[in-house]
Amino acid sequence: MDYISTRGSAPTLDFRAATLTGLASDGGLYVPAQWPKLSADEIRALAGLDYVETAVRIMTPFVAGVLSEDELRDLCKAAYGRFSHDAITPMVQLDHRHWLLELFHGPTLAFKDVALQLLGQLFEKFLSGGDQDITIVGATSGDTGSAAIEAVAGREHIRIFMLHPEGRVSDVQRRQMTTVLAPNVHNIAIDGSFDDAQAMVKRLFGDEEARGQVTLSAVNSINWARLMAQIVYYFYAAVRLGAPDREVAFSVPTGNFGDVFAGYVAAQMGLPVARLIVATNVNDILHRALSNGDYSAGMVTPTATPSMDIQVSSNFERLLFDLSGRDGAAIRAMMADFDANRAMTIPEDMLTGARALFSSASIDGDDMALALRWAQEHGGQIIDPHSAVGLAAARAADVDAHIPIVTLATAHPAKFREAVERATGVRPSLPARLGNLFEREERYDRLPGDYETVKAHILAVARDG
Ligand SMILES: *Cc1c(COP(=O)(O)O)cnc(C)c1O
């Protein structure tokens with residue numbers, strides 16, 4: 001499979017190079033040159049397969065030419081061997097039509113593990129035995145950071161710098177990053193928002209001087225391999241509810257548009273997805289974009305769902321690329337317009353294309369809390385605030401009554417204990433696999449939200465070891 005950039009001018013890469021690179025050199029994002037298709041019979045044949053075998057069937061076409069099916073299977077076994085539930089992504093029924101797809105049974109309790117555990121394996125496979133070293137630089141609104149660190153801590157040839165907005169991630173989230181003391185792990189608390197941190201990472205990737213000194217890799221969801229791993233659970237869930245002979249809708253708590261874009265890819269591959277519901281909190285650029293074309297970034301409002309406190313959704317560019325008929329020059333112009341003005345209007349024909357599959361909702365704190373209580377009272381489930389945003393959007397969605405709606409449960413409730421306790425009166429306890437998180441030593445650097453300072457720090461630390 002070849003990978004091409006959404007902005008049309010970066011070189012075409014194979015799966016290995018696209019995975020190691022992350023962001024394309026023209027500022028775009030890599031996508032497969034075409035979407036592989038599964039026939040209805042091939043989808044039917046997924047019924048009853050376990051998660052790893054499902055993953056192998058779905059991902060083989062994307063890694064073709066670089067990994068054999070057996071190599072891919074070995075990597076999947078290693079990646080998903082660290083999950084605490086045998087089904088990897090089990091489903092729970094809430095009422096006659098609403099389901100939860102639990103994506104938080106990995107080592108750091110959020111859905112990011114599903115992709116990052118595999119990405120860690122892929123990096124190791126691609127770098128072992130060689131003399132190439134990579135420097136991963138990422139920004140996290142909370143969950144990516146710990147999942148990425150957990151996936152690469154202690155691995156040879158890899159060094160990771162993770163920026164988080166100081167004071168805007170939960171204690172559990174911070175400690176899951178800062179208590180990993182492996183020498184290749186470097187946490188940085190930035191004085192600023194997640195978007196400030198992400199903007200610095202983006203700038204570093206475009207910085208010739210930095211690129212001349214270190215080989216930069218991305219683990220944010222701009223990395224295609226992450227999205228690829230997330231396609232799997234859409235198939236896994238839908239097949240269990242009767243696909244391909246029955247349509248299924250999904251509601252996806254959304255920040256960077258990565259997880260829900262994986263659902264879009266599943267639909268392109270032939271999965272009968274009736275609707276993808278983009279559920280945002282009050283930081284609702286995606287809801288505004290999909291409902292009236294207004295893709296404009298405002299200020300970030302901190303909420304009880306910090307992993308979705310985002311104004312700019314990087315992966316939206318991948319959807320725009322498809323909606324434009326894969327016109328790289330058009331996307332380059334649109335994104336330049338957006339970068340200059342922090343705002344753009346999505347053309348009407350592209351919006352019409354998007355609305356054929358996507359709908360959206362912006363959920364405030366009160367509606368999130370109501371959904372948390374509804375899951376508790378009607379489905380006997382304590383869920384996390386992000387999942388509750390998804391569930392609130394699912395319950396409000398205009399989807400034919402005979403179609404089941406699966407809400408992606410993106411985090412374990414114990415990761416956001418305060419908000420869960422406020423809404424339900426129940427304080428979820430941390431699963432035993434997190435151990436003595438609150439007793440462990442923390443290590444991280446604090447830096448001002450200033451690009452040159454952060455860059456100098458990263459390059460100096462990378463030079464010294
Ligand atoms: C990252 C994250 C999201 C948002 O996912 P995107 O792929 O960025 O849209 C939602 N919920 C939780 C718990 C997350 O960690």
# chains A, B, ... in the order shown; residues from 1 in each chain; ligands from 1
>>> closest_atom_pairs(of="segment 246-353 of chain A", to="segment 141-162 of chain A", cutoff="9 Å", atoms="only C-alpha atoms", output="JSON lines")
{"residue": "A:Pro306", "atom": "CA", "partner": "A:Ser141", "partner_atom": "CA", "distance": 6.3}
{"residue": "A:Ser307", "atom": "CA", "partner": "A:Ser141", "partner_atom": "CA", "distance": 5.1}
{"residue": "A:Met308", "atom": "CA", "partner": "A:Ser141", "partner_atom": "CA", "distance": 7.6}
{"residue": "A:Asp309", "atom": "CA", "partner": "A:Ser141", "partner_atom": "CA", "distance": 7.3}
{"residue": "A:Ile310", "atom": "CA", "partner": "A:Ser141", "partner_atom": "CA", "distance": 8.2}
>>> residues_near_ligand(ligand="ligand 1", cutoff="7 Å", atoms="only C-alpha atoms and all ligand atoms", output="PyMOL selection string")
chain A and resi 110-112+142-144+221+253-260+307-308+386-387+410-411
>>> residues_around(residues="Met59 of chain A", least_positions_apart="6", cutoff="8 Å", atoms="only C-alpha atoms", output="VMD selection string")
chain A and resid 228 to 229 232
>>> select_by_dssp(residues="segment 79-296 of chain A", states="strand (DSSP E or B)", output="PyMOL selection string")
chain A and resi 91-93+98-102+110+134-139+158-165+185-191+216-217+248-253+273-280+294-296
>>> closest_atom_pairs(of="segment 66-182 of chain A", to="segment 11-23 of chain A", cutoff="10 Å", atoms="only C-alpha atoms", output="JSON lines")
{"residue": "A:Val66", "atom": "CA", "partner": "A:Phe15", "partner_atom": "CA", "distance": 6.5}
{"residue": "A:Leu67", "atom": "CA", "partner": "A:Arg16", "partner_atom": "CA", "distance": 8.7}
{"residue": "A:Leu119", "atom": "CA", "partner": "A:Thr19", "partner_atom": "CA", "distance": 8.2}
{"residue": "A:Leu122", "atom": "CA", "partner": "A:Thr19", "partner_atom": "CA", "distance": 8.1}
{"residue": "A:Phe123", "atom": "CA", "partner": "A:Leu20", "partner_atom": "CA", "distance": 7.1}
{"residue": "A:Lys125", "atom": "CA", "partner": "A:Arg16", "partner_atom": "CA", "distance": 9.7}
{"residue": "A:Phe126", "atom": "CA", "partner": "A:Arg16", "partner_atom": "CA", "distance": 7.0}
{"residue": "A:Leu127", "atom": "CA", "partner": "A:Leu20", "partner_atom": "CA", "distance": 9.2}
{"residue": "A:Ile134", "atom": "CA", "partner": "A:Leu20", "partner_atom": "CA", "distance": 8.1}
{"residue": "A:Ile136", "atom": "CA", "partner": "A:Leu20", "partner_atom": "CA", "distance": 9.4}
>>> select_by_dssp(residues="segment 276-358 of chain A", states="alpha helix (DSSP H)", output="ChimeraX atom specification")
/A:285-292,316-323,328-341,348-355
>>> atom_distance(atom1="atom CA of Glu166 of chain A", atom2="atom CA of Thr140 of chain A")
10.7 Å
>>> residues_around(residues="Tyr80 of chain A", least_positions_apart="4", cutoff="9 Å", atoms="only C-alpha atoms", output="list in words")
Tyr51, Val52, Leu75, Cys76, Ile88, Gly106, Val114, Gln117 and Leu118 of chain A
>>> atom_distance(atom1="atom CA of Ala79 of chain A", atom2="atom CA of Gln121 of chain A")
6.6 Å
>>> closest_residue(among="A:Val201, A:Met368, A:Leu101, A:Val265", to="Val31 of chain A", atoms="only C-alpha atoms")
A:Val265
>>> residues_around(residues="His105 of chain A", least_positions_apart="6", cutoff="8 Å", atoms="only C-alpha atoms", output="list of chain:residue names")
A:Phe83, A:Ser84, A:His85, A:Ile88, A:Thr89, A:Phe111, A:His412
>>> write_last_selection(atoms="C-alpha atoms", output="short mmCIF file (atom, residue, chain, number, x, y, z; two decimals), in the first residue's frame")
data_model
loop_
_atom_site.label_atom_id
_atom_site.label_comp_id
_atom_site.auth_asym_id
_atom_site.auth_seq_id
_atom_site.Cartn_x
_atom_site.Cartn_y
_atom_site.Cartn_z
CA PHE A 83 -5.14 -5.92 27.91
CA SER A 84 -7.02 -6.98 31.02
CA HIS A 85 -10.16 -8.24 29.22
CA ILE A 88 -9.94 -6.65 24.26
CA THR A 89 -12.88 -4.32 23.41
CA PHE A 111 -8.85 3.89 24.22
CA HIS A 412 -12.25 4.00 32.43
#
>>> residues_around(residues="Ile405 of chain A", least_positions_apart="5", cutoff="12 Å", atoms="only C-alpha atoms", output="ChimeraX atom specification")
/A:91-101,234,237-238,241,246-252,273-277,390-400
>>> closest_residue(among="A:Ala414, A:Ala279, A:Ile58, A:Ala456", to="Glu42 of chain A", atoms="only C-alpha atoms")
A:Ile58
>>> residues_around(residues="Gly192 of chain A", least_positions_apart="4", cutoff="6 Å", atoms="only C-alpha atoms", output="NGL selection string")
:A and (165 or 196 or 449)
>>> write_last_selection(atoms="C-alpha atoms", output="tab-separated table (two decimals), in the first residue's frame")
chain	number	residue	atom	x	y	z
A	165	PRO	CA	-0.73	21.63	29.55
A	196	ASP	CA	-0.55	25.78	22.50
A	449	GLY	CA	4.65	28.31	26.66
>>> closest_residue(among="A:Trp35, A:Ala40, A:Val180, A:Gly425", to="Ala262 of chain A", atoms="only C-alpha atoms")
A:Trp35
>>> atom_distance(atom1="atom CA of Asn341 of chain A", atom2="atom CA of Tyr295 of chain A")
10.7 Å
